[in-house]
file input_34.txt (compact mmCIF, C-alpha atoms)
# COMPACT_ATOMS: atom_id res chain seq x y z
CA MET A 4 48.18 25.51 11.50
CA ALA A 5 47.13 22.38 9.69
CA ARG A 6 48.92 19.19 10.69
CA TRP A 7 51.81 17.76 8.76
CA ARG A 8 54.78 15.67 9.66
CA ARG A 9 57.44 18.26 10.45
CA ARG A 10 61.02 16.94 10.54
CA ARG A 11 64.01 18.81 11.86
CA PRO A 12 66.13 19.91 8.88
CA PRO A 13 69.61 18.38 8.70
CA ARG A 14 72.73 20.46 9.23
CA CYS A 15 74.12 22.11 6.11
CA PRO A 16 77.92 21.53 6.07
CA PRO A 17 80.25 24.42 5.20
CA GLY A 18 80.49 24.93 1.46
CA TRP A 19 77.19 23.18 0.77
CA SER A 20 73.90 24.87 -0.08
CA THR A 21 70.21 24.25 0.45
CA GLY A 22 67.37 24.76 -1.97
CA PRO A 23 64.21 23.15 -3.33
CA PRO A 24 64.70 19.52 -4.39
CA ASN A 25 65.70 18.92 -7.98
CA PHE A 26 63.45 15.87 -8.15
CA VAL A 27 60.54 14.42 -6.19
CA GLY A 28 59.22 10.89 -6.59
CA ILE A 29 55.50 10.74 -5.93
CA GLY A 30 54.53 7.07 -6.30
CA ALA A 31 53.21 4.56 -6.67
CA GLN A 32 53.27 2.52 -3.49
CA ARG A 33 54.39 -1.12 -3.97
CA ALA A 34 55.77 -0.32 -7.43
CA GLY A 35 59.49 -0.58 -6.82
CA THR A 36 60.07 2.97 -5.61
CA THR A 37 62.49 1.97 -2.82
CA TRP A 38 64.55 -0.05 -5.30
CA TRP A 39 64.61 2.73 -7.89
CA HIS A 40 65.36 5.46 -5.35
CA SER A 41 68.27 3.43 -3.96
CA LEU A 42 69.75 3.17 -7.46
CA LEU A 43 69.43 6.93 -7.93
CA ALA A 44 71.06 7.58 -4.56
CA GLU A 45 74.19 5.70 -5.64
CA HIS A 46 74.84 8.16 -8.45
CA PRO A 47 77.78 10.41 -7.53
CA GLN A 48 75.84 13.48 -8.72
CA VAL A 49 72.80 12.70 -6.55
CA HIS A 50 72.68 13.58 -2.87
CA GLY A 51 69.53 12.39 -1.13
CA PRO A 52 68.11 13.27 2.30
CA ARG A 53 68.66 11.05 5.32
CA VAL A 54 65.39 9.24 4.60
CA LYS A 55 63.80 8.28 1.30
CA GLU A 56 60.30 9.45 2.26
CA MET A 57 60.06 12.95 3.72
CA HIS A 58 56.27 13.04 4.12
CA PHE A 59 56.63 16.81 4.30
CA PHE A 60 53.20 17.37 2.77
CA GLY A 61 50.55 15.81 4.96
CA HIS A 62 46.99 14.69 4.68
CA GLU A 63 45.72 18.26 5.09
CA ALA A 64 46.76 21.48 3.38
CA VAL A 65 49.84 23.05 4.89
CA ASP A 66 48.64 26.35 6.31
CA LEU A 67 51.81 28.34 5.65
CA ASP A 68 52.56 31.41 3.61
CA PRO A 69 53.85 30.13 0.21
CA ALA A 70 57.25 31.71 0.73
CA GLU A 71 57.54 30.11 4.19
CA LEU A 72 56.41 26.74 2.79
CA ALA A 73 59.16 26.86 0.16
CA ARG A 74 61.78 27.95 2.69
CA GLU A 75 60.89 25.18 5.16
CA TYR A 76 60.99 22.47 2.50
CA ALA A 77 64.27 23.67 0.95
CA LEU A 78 66.10 23.37 4.28
CA HIS A 79 65.78 19.57 4.04
CA PHE A 80 67.95 19.31 0.94
CA PRO A 81 71.54 20.36 1.63
CA ARG A 82 73.95 19.21 -1.08
CA PRO A 83 77.55 19.76 -2.12
CA PRO A 84 78.39 21.89 -5.16
CA GLY A 85 77.40 20.25 -8.44
CA ALA A 86 75.05 17.69 -6.88
CA ILE A 87 71.27 17.37 -7.13
CA ALA A 88 68.94 16.32 -4.32
CA GLY A 89 65.49 14.82 -4.01
CA GLU A 90 63.12 12.50 -2.17
CA TRP A 91 60.47 9.90 -2.96
CA THR A 92 57.24 9.72 -0.94
CA PRO A 93 54.58 7.42 -2.49
CA TYR A 94 51.78 9.15 -0.55
CA TYR A 95 52.28 12.28 -2.63
CA MET A 96 50.63 10.66 -5.63
CA GLN A 97 47.27 10.20 -3.93
CA GLY A 98 47.26 13.29 -1.69
CA ARG A 99 44.71 15.70 -3.15
CA ASN A 100 46.45 18.84 -1.91
CA VAL A 101 50.01 17.73 -2.57
CA PRO A 102 50.36 18.74 -6.26
CA ARG A 103 49.60 22.40 -5.55
CA GLN A 104 51.68 22.40 -2.35
CA LEU A 105 54.60 20.88 -4.23
CA ARG A 106 54.24 23.36 -7.09
CA VAL A 107 54.56 26.19 -4.56
CA ALA A 108 57.50 24.65 -2.68
CA ALA A 109 59.47 23.21 -5.62
CA PRO A 110 58.14 24.62 -8.90
CA ASP A 111 61.09 23.42 -10.98
CA ALA A 112 61.37 19.91 -9.54
CA ARG A 113 61.40 16.94 -11.91
CA ILE A 114 58.56 14.61 -10.92
CA LEU A 115 59.21 10.85 -10.99
CA VAL A 116 56.45 8.24 -11.13
CA LEU A 117 56.62 4.43 -11.16
CA LEU A 118 53.44 2.60 -12.18
CA ARG A 119 52.67 -1.08 -11.74
CA ASP A 120 49.70 -3.12 -12.96
CA PRO A 121 47.11 -1.67 -10.55
CA VAL A 122 45.55 -5.04 -9.76
CA ASP A 123 48.93 -6.54 -8.87
CA ARG A 124 49.81 -3.37 -6.96
CA TYR A 125 46.58 -3.77 -4.99
CA ARG A 126 47.37 -7.42 -4.22
CA SER A 127 50.78 -6.48 -2.87
CA GLY A 128 49.51 -3.53 -0.84
CA ALA A 129 46.39 -5.20 0.49
CA PHE A 130 48.23 -8.29 1.73
CA ARG A 131 50.70 -6.02 3.47
CA ARG A 132 47.89 -4.33 5.44
CA PRO A 133 44.57 -6.20 5.06
CA ASP A 134 42.89 -3.54 7.21
CA LYS A 135 43.84 -0.91 4.60
CA SER A 136 42.27 -2.50 1.52
CA GLU A 137 40.16 0.59 0.76
CA ASN A 138 43.28 2.74 0.77
CA ALA A 139 45.03 0.14 -1.43
CA THR A 140 42.19 0.46 -3.93
CA ARG A 141 42.45 4.26 -4.12
CA ARG A 142 46.18 4.10 -4.77
CA GLY A 143 45.54 2.45 -8.14
CA LEU A 144 43.55 5.39 -9.56
CA TYR A 145 46.57 6.45 -11.59
CA ALA A 146 44.99 8.66 -14.26
CA THR A 147 42.92 10.61 -11.73
CA GLN A 148 45.98 11.24 -9.57
CA LEU A 149 48.35 12.15 -12.42
CA ALA A 150 45.77 14.54 -13.87
CA ARG A 151 46.04 16.62 -10.69
CA TYR A 152 49.78 16.97 -11.23
CA LEU A 153 49.38 17.87 -14.89
CA GLU A 154 47.03 20.67 -13.87
CA VAL A 155 49.92 22.43 -12.12
CA PHE A 156 53.15 21.01 -13.62
CA PRO A 157 54.20 21.06 -17.30
CA ARG A 158 54.14 17.60 -18.88
CA GLU A 159 57.88 17.78 -19.58
CA GLN A 160 58.57 17.89 -15.82
CA LEU A 161 57.06 14.43 -15.30
CA LEU A 162 58.75 11.12 -16.10
CA VAL A 163 56.39 8.17 -15.83
CA LEU A 164 58.13 4.79 -15.66
CA GLN A 165 56.55 1.35 -15.77
CA TYR A 166 57.70 -1.04 -13.03
CA GLU A 167 57.46 -4.07 -15.30
CA ARG A 168 59.64 -2.36 -17.91
CA CYS A 169 62.19 -1.52 -15.23
CA LEU A 170 62.37 -5.20 -14.32
CA GLU A 171 62.61 -6.23 -17.97
CA ALA A 172 65.20 -3.65 -19.10
CA PRO A 173 66.63 -1.96 -15.99
CA ALA A 174 69.71 -0.51 -17.73
CA VAL A 175 67.60 1.21 -20.37
CA GLU A 176 65.06 2.62 -17.91
CA LEU A 177 67.68 3.74 -15.42
CA ALA A 178 69.58 5.58 -18.17
CA ARG A 179 66.30 7.28 -19.12
CA THR A 180 65.85 8.32 -15.51
CA PHE A 181 69.37 9.70 -15.18
CA GLU A 182 69.01 11.57 -18.46
CA PHE A 183 65.73 13.07 -17.27
CA LEU A 184 67.47 14.26 -14.10
CA ASP A 185 70.32 15.72 -16.18
CA VAL A 186 73.06 13.62 -14.60
CA GLU A 187 75.52 11.23 -16.27
CA PRO A 188 73.24 8.59 -17.87
CA GLY A 189 75.89 5.91 -18.22
CA PHE A 190 76.51 5.43 -14.49
CA VAL A 191 75.97 1.83 -13.30
CA PRO A 192 75.16 1.47 -9.57
CA LYS A 193 77.01 -1.23 -7.62
CA SER A 194 73.70 -2.68 -6.36
CA PHE A 195 72.28 -2.84 -9.88
CA GLU A 196 71.72 -6.59 -9.69
CA ARG A 197 69.46 -6.38 -6.63
CA ARG A 198 66.34 -6.19 -8.69
CA GLY A 199 62.79 -5.32 -7.87
CA ALA A 200 60.67 -4.55 -4.86
CA ARG A 201 60.22 -6.85 -1.90
CA SER A 202 56.80 -8.29 -2.64
CA PHE A 203 54.41 -8.48 0.29
CA GLY A 204 51.81 -11.14 -0.44
CA ALA A 205 54.14 -12.99 -2.82
CA GLY A 206 52.66 -16.35 -3.72
CA LYS A 207 49.18 -15.26 -2.72
CA THR A 208 46.42 -14.75 -5.24
CA LEU A 209 43.29 -12.67 -5.25
CA PRO A 210 39.94 -14.41 -5.37
CA PRO A 211 38.69 -14.40 -8.99
CA GLU A 212 35.71 -12.20 -8.16
CA VAL A 213 37.97 -9.60 -6.51
CA ARG A 214 40.38 -9.57 -9.46
CA GLU A 215 37.47 -9.18 -11.87
CA ARG A 216 35.96 -6.34 -9.82
CA LEU A 217 39.26 -4.48 -9.64
CA THR A 218 39.94 -4.93 -13.35
CA ARG A 219 36.56 -3.36 -14.17
CA LEU A 220 37.20 -0.56 -11.66
CA TYR A 221 40.63 0.29 -13.05
CA GLU A 222 39.85 -0.03 -16.77
CA PRO A 223 38.83 3.67 -17.14
CA GLU A 224 41.97 4.69 -15.26
CA VAL A 225 44.21 2.62 -17.53
CA ARG A 226 42.49 4.08 -20.61
CA GLY A 227 42.90 7.53 -19.06
CA LEU A 228 46.68 7.17 -18.97
CA ALA A 229 46.79 7.22 -22.77
CA GLU A 230 44.59 10.31 -22.80
CA LEU A 231 47.15 12.01 -20.55
CA GLY A 232 49.95 11.06 -22.92
CA VAL A 233 51.35 8.38 -20.61
CA GLU A 234 52.70 5.39 -22.52
CA VAL A 235 52.14 2.01 -20.89
CA ASP A 236 52.99 -1.35 -22.46
CA LEU A 237 49.76 -3.21 -21.78
CA SER A 238 51.34 -6.52 -22.77
CA LEU A 239 53.19 -6.25 -19.44
CA TRP A 240 49.89 -5.75 -17.60
CA PRO A 241 48.04 -9.02 -18.34
CA ASN A 242 44.97 -7.86 -16.45
CA PHE A 243 44.52 -5.11 -19.06
CA SER A 244 46.04 -6.57 -22.21
CA HIS A 245 42.54 -6.68 -23.71
CA LEU A 246 42.65 -2.85 -23.84
CA ALA A 247 45.66 -2.81 -26.17
call {"tool": "encode", "arguments": {"input": "input_34.txt", "output": "structure tokens"}}
result
Amino acid sequence: MARWRRRRPPRCPPGWSTGPPNFVGIGAQRAGTTWWHSLLAEHPQVHGPRVKEMHFFGHEAVDLDPAELAREYALHFPRPPGAIAGEWTPYYMQGRNVPRQLRVAAPDARILVLLRDPVDRYRSGAFRRPDKSENATRRGLYATQLARYLEVFPREQLLVLQYERCLEAPAVELARTFEFLDVEPGFVPKSFERRGARSFGAGKTLPPEVRERLTRLYEPEVRGLAELGVEVDLSLWPNFSHLA
């Protein structure tokens, strides 16, 4: 069997049920996913797992019969009647095998994505783990990664949010998210004012030559988002405003 991070499923209380997650957040790392997931988890119609990031699908293909794969995954999402459940693992966006694994295990799940200016996302991720700068670079290949999901999921099952828009108009973007998940869109979380992601590398800047190199690298990916039908306000991504 190929390796993946197997967790023990939680107990399902009497009267509750298990099943595939209603939603799965797939990325991007250092783009406010912990903040946004915490806001979702406060909704009375949302019941999340014990941890935000399940990491159920690993770095290699899960060598399980499709029916067994779906059964194993579903056991991790007990919820009371009338509630929805989900998780958010940023690795899923870059994992090559994950889209097809997820399609098998949760074919009807709504897929949530948060994107951040890829150069700024790199700066945040690379300063967090300088030894992982190559991995930080790959995580900004947004169009390439989303194209893999659109090969197996209908476009209407994906909601792509922009981190900078969420900071600028959180009430609007959160209502959009709740509406997409088919829960009460007017709910206001108590922690609504705790805005944004904790920024590793805050106050640090990239050397000009590194910023220029990354901008050139990511330009085709940013252009590719429009080709996939993903709307991004480039005025909020100064590194790529020249593409507008």
call {"tool": "closest_residue", "arguments": {"input": "input_34.txt", "among": "A:Ile114, A:Arg82, A:Asp120, A:Asp68", "to": "Gly18 in chain A", "atoms": "only C-alpha atoms"}}
result
A:Arg82
call {"tool": "closest_residue", "arguments": {"input": "input_34.txt", "among": "A:Ser127, A:Ser20, A:Gln148, A:Thr180", "to": "Leu78 in chain A", "atoms": "only C-alpha atoms"}}
result
A:Ser20
call {"tool": "residues_around", "arguments": {"input": "input_34.txt", "residues": "Ala139 in chain A", "least_positions_apart": "3", "cutoff": "12 Å", "atoms": "only C-alpha atoms", "output": "list of chain:residue names"}}
result
A:Ala31, A:Gln32, A:Arg33, A:Tyr94, A:Gln97, A:Pro121, A:Val122, A:Asp123, A:Arg124, A:Tyr125, A:Arg126, A:Ser127, A:Gly128, A:Ala129, A:Phe130, A:Arg131, A:Arg132, A:Pro133, A:Asp134, A:Lys135, A:Ser136, A:Arg142, A:Gly143, A:Leu144, A:Leu217
call {"tool": "write_last_selection", "arguments": {"input": "input_34.txt", "atoms": "C-alpha atoms", "output": "mmCIF file, in the coordinates of the input"}}
result
data_model
loop_
_atom_site.group_PDB
_atom_site.id
_atom_site.type_symbol
_atom_site.label_atom_id
_atom_site.label_comp_id
_atom_site.auth_asym_id
_atom_site.auth_seq_id
_atom_site.Cartn_x
_atom_site.Cartn_y
_atom_site.Cartn_z
ATOM 1 C CA ALA A 31 53.210 4.560 -6.670
ATOM 2 C CA GLN A 32 53.270 2.520 -3.490
ATOM 3 C CA ARG A 33 54.390 -1.120 -3.970
ATOM 4 C CA TYR A 94 51.780 9.150 -0.550
ATOM 5 C CA GLN A 97 47.270 10.200 -3.930
ATOM 6 C CA PRO A 121 47.110 -1.670 -10.550
ATOM 7 C CA VAL A 122 45.550 -5.040 -9.760
ATOM 8 C CA ASP A 123 48.930 -6.540 -8.870
ATOM 9 C CA ARG A 124 49.810 -3.370 -6.960
ATOM 10 C CA TYR A 125 46.580 -3.770 -4.990
ATOM 11 C CA ARG A 126 47.370 -7.420 -4.220
ATOM 12 C CA SER A 127 50.780 -6.480 -2.870
ATOM 13 C CA GLY A 128 49.510 -3.530 -0.840
ATOM 14 C CA ALA A 129 46.390 -5.200 0.490
ATOM 15 C CA PHE A 130 48.230 -8.290 1.730
ATOM 16 C CA ARG A 131 50.700 -6.020 3.470
ATOM 17 C CA ARG A 132 47.890 -4.330 5.440
ATOM 18 C CA PRO A 133 44.570 -6.200 5.060
ATOM 19 C CA ASP A 134 42.890 -3.540 7.210
ATOM 20 C CA LYS A 135 43.840 -0.910 4.600
ATOM 21 C CA SER A 136 42.270 -2.500 1.520
ATOM 22 C CA ARG A 142 46.180 4.100 -4.770
ATOM 23 C CA GLY A 143 45.540 2.450 -8.140
ATOM 24 C CA LEU A 144 43.550 5.390 -9.560
ATOM 25 C CA LEU A 217 39.260 -4.480 -9.640
#
call {"tool": "closest_residue", "arguments": {"input": "input_34.txt", "among": "A:Ala174, A:Leu239, A:Leu228, A:Val27", "to": "Met57 in chain A", "atoms": "all atoms listed in the file"}}
result
A:Val27
call {"tool": "atom_distance", "arguments": {"input": "input_34.txt", "atom1": "CA of Ser41 in chain A", "atom2": "CA of Glu234 in chain A"}}
result
24.3 Å
call {"tool": "atom_distance", "arguments": {"input": "input_34.txt", "atom1": "CA of Val186 in chain A", "atom2": "CA of Glu90 in chain A"}}
result
16.0 Å
call {"tool": "closest_residue", "arguments": {"input": "input_34.txt", "among": "A:Pro211, A:Gly189, A:Pro23, A:Pro173", "to": "Asn242 in chain A", "atoms": "all atoms listed in the file"}}
result
A:Pro211
call {"tool": "residues_around", "arguments": {"input": "input_34.txt", "residues": "range 157-169 of chain A", "least_positions_apart": "6", "cutoff": "8 Å", "atoms": "all atoms listed in the file", "output": "mmCIF file with C-alpha atoms, in the frame of the given file"}}
result
data_model
loop_
_atom_site.group_PDB
_atom_site.id
_atom_site.type_symbol
_atom_site.label_atom_id
_atom_site.label_comp_id
_atom_site.auth_asym_id
_atom_site.auth_seq_id
_atom_site.Cartn_x
_atom_site.Cartn_y
_atom_site.Cartn_z
ATOM 1 C CA ALA A 34 55.770 -0.320 -7.430
ATOM 2 C CA GLY A 35 59.490 -0.580 -6.820
ATOM 3 C CA ASP A 111 61.090 23.420 -10.980
ATOM 4 C CA ALA A 112 61.370 19.910 -9.540
ATOM 5 C CA ARG A 113 61.400 16.940 -11.910
ATOM 6 C CA ILE A 114 58.560 14.610 -10.920
ATOM 7 C CA LEU A 115 59.210 10.850 -10.990
ATOM 8 C CA VAL A 116 56.450 8.240 -11.130
ATOM 9 C CA LEU A 117 56.620 4.430 -11.160
ATOM 10 C CA LEU A 118 53.440 2.600 -12.180
ATOM 11 C CA ARG A 119 52.670 -1.080 -11.740
ATOM 12 C CA VAL A 175 67.600 1.210 -20.370
ATOM 13 C CA GLU A 176 65.060 2.620 -17.910
ATOM 14 C CA LEU A 177 67.680 3.740 -15.420
ATOM 15 C CA THR A 180 65.850 8.320 -15.510
ATOM 16 C CA PHE A 183 65.730 13.070 -17.270
ATOM 17 C CA VAL A 233 51.350 8.380 -20.610
ATOM 18 C CA VAL A 235 52.140 2.010 -20.890
ATOM 19 C CA LEU A 239 53.190 -6.250 -19.440
#
call {"tool": "atom_distance", "arguments": {"input": "input_34.txt", "atom1": "CA of Gly232 in chain A", "atom2": "CA of Phe190 in chain A"}}
result
28.4 Å
call {"tool": "residues_around", "arguments": {"input": "input_34.txt", "residues": "Arg10 in chain A", "least_positions_apart": "3", "cutoff": "12 Å", "atoms": "all atoms listed in the file", "output": "CSV table (one decimal) with C-alpha atoms, in the frame of the given file"}}
result
chain,number,residue,atom,x,y,z
A,7,TRP,CA,51.8,17.8,8.8
A,13,PRO,CA,69.6,18.4,8.7
A,52,PRO,CA,68.1,13.3,2.3
A,53,ARG,CA,68.7,11.0,5.3
A,54,VAL,CA,65.4,9.2,4.6
A,56,GLU,CA,60.3,9.4,2.3
A,57,MET,CA,60.1,13.0,3.7
A,58,HIS,CA,56.3,13.0,4.1
A,59,PHE,CA,56.6,16.8,4.3
A,60,PHE,CA,53.2,17.4,2.8
A,61,GLY,CA,50.6,15.8,5.0
A,75,GLU,CA,60.9,25.2,5.2
A,76,TYR,CA,61.0,22.5,2.5
A,78,LEU,CA,66.1,23.4,4.3
A,79,HIS,CA,65.8,19.6,4.0
call {"tool": "residues_near_point", "arguments": {"input": "input_34.txt", "point": "(48.9, 17.2, -4.6)", "cutoff": "10 Å", "atoms": "all atoms listed in the file", "output": "short mmCIF file (atom, residue, chain, number, x, y, z; two decimals) with C-alpha atoms, in the frame of the given file"}}
result
data_model
loop_
_atom_site.label_atom_id
_atom_site.label_comp_id
_atom_site.auth_asym_id
_atom_site.auth_seq_id
_atom_site.Cartn_x
_atom_site.Cartn_y
_atom_site.Cartn_z
CA ILE A 29 55.50 10.74 -5.93
CA PHE A 60 53.20 17.37 2.77
CA GLY A 61 50.55 15.81 4.96
CA HIS A 62 46.99 14.69 4.68
CA ALA A 64 46.76 21.48 3.38
CA TYR A 94 51.78 9.15 -0.55
CA TYR A 95 52.28 12.28 -2.63
CA MET A 96 50.63 10.66 -5.63
CA GLN A 97 47.27 10.20 -3.93
CA GLY A 98 47.26 13.29 -1.69
CA ARG A 99 44.71 15.70 -3.15
CA ASN A 100 46.45 18.84 -1.91
CA VAL A 101 50.01 17.73 -2.57
CA PRO A 102 50.36 18.74 -6.26
CA ARG A 103 49.60 22.40 -5.55
CA GLN A 104 51.68 22.40 -2.35
CA LEU A 105 54.60 20.88 -4.23
CA ARG A 106 54.24 23.36 -7.09
CA GLN A 148 45.98 11.24 -9.57
CA LEU A 149 48.35 12.15 -12.42
CA ARG A 151 46.04 16.62 -10.69
CA TYR A 152 49.78 16.97 -11.23
CA VAL A 155 49.92 22.43 -12.12
#
call {"tool": "residues_near_point", "arguments": {"input": "input_34.txt", "point": "(59.9, 3.2, 0.4)", "cutoff": "8 Å", "atoms": "all atoms listed in the file", "output": "VMD selection string"}}
result
chain A and resid 32 36 to 37 55 to 56 91 to 93
call {"tool": "residues_around", "arguments": {"input": "input_34.txt", "residues": "Pro24 in chain A", "least_positions_apart": "3", "cutoff": "7 Å", "atoms": "all atoms listed in the file", "output": "ChimeraX atom specification"}}
result
/A:27,77,80,88-89,109,112
call {"tool": "closest_residue", "arguments": {"input": "input_34.txt", "among": "A:Trp19, A:Ala108, A:Pro47, A:Phe26", "to": "Pro84 in chain A", "atoms": "all atoms listed in the file"}}
result
A:Trp19
call {"tool": "residues_around", "arguments": {"input": "input_34.txt", "residues": "His46 in chain A", "least_positions_apart": "6", "cutoff": "12 Å", "atoms": "all atoms listed in the file", "output": "VMD selection string"}}
result
chain A and resid 39 to 40 86 to 88 177 to 178 180 to 181 184 to 195
call {"tool": "write_last_selection", "arguments": {"input": "input_34.txt", "atoms": "C-alpha atoms", "output": "short mmCIF file (atom, residue, chain, number, x, y, z; two decimals), in the frame of the given file"}}
result
data_model
loop_
_atom_site.label_atom_id
_atom_site.label_comp_id
_atom_site.auth_asym_id
_atom_site.auth_seq_id
_atom_site.Cartn_x
_atom_site.Cartn_y
_atom_site.Cartn_z
CA TRP A 39 64.61 2.73 -7.89
CA HIS A 40 65.36 5.46 -5.35
CA ALA A 86 75.05 17.69 -6.88
CA ILE A 87 71.27 17.37 -7.13
CA ALA A 88 68.94 16.32 -4.32
CA LEU A 177 67.68 3.74 -15.42
CA ALA A 178 69.58 5.58 -18.17
CA THR A 180 65.85 8.32 -15.51
CA PHE A 181 69.37 9.70 -15.18
CA LEU A 184 67.47 14.26 -14.10
CA ASP A 185 70.32 15.72 -16.18
CA VAL A 186 73.06 13.62 -14.60
CA GLU A 187 75.52 11.23 -16.27
CA PRO A 188 73.24 8.59 -17.87
CA GLY A 189 75.89 5.91 -18.22
CA PHE A 190 76.51 5.43 -14.49
CA VAL A 191 75.97 1.83 -13.30
CA PRO A 192 75.16 1.47 -9.57
CA LYS A 193 77.01 -1.23 -7.62
CA SER A 194 73.70 -2.68 -6.36
CA PHE A 195 72.28 -2.84 -9.88
#
call {"tool": "axis_aligned_box", "arguments": {"input": "input_34.txt", "around": "range 220-223 of chain A", "padding_each_side": "4 Å", "output": "lines of an AutoDock Vina configuration file"}}
result
center_x = 38.9
center_y = 1.6
center_z = -14.4
size_x = 11.4
size_y = 12.2
size_z = 13.5
call {"tool": "closest_residue", "arguments": {"input": "input_34.txt", "among": "A:Ala229, A:Arg179, A:Gly51, A:Arg11", "to": "Gly28 in chain A", "atoms": "all atoms listed in the file"}}
result
A:Gly51
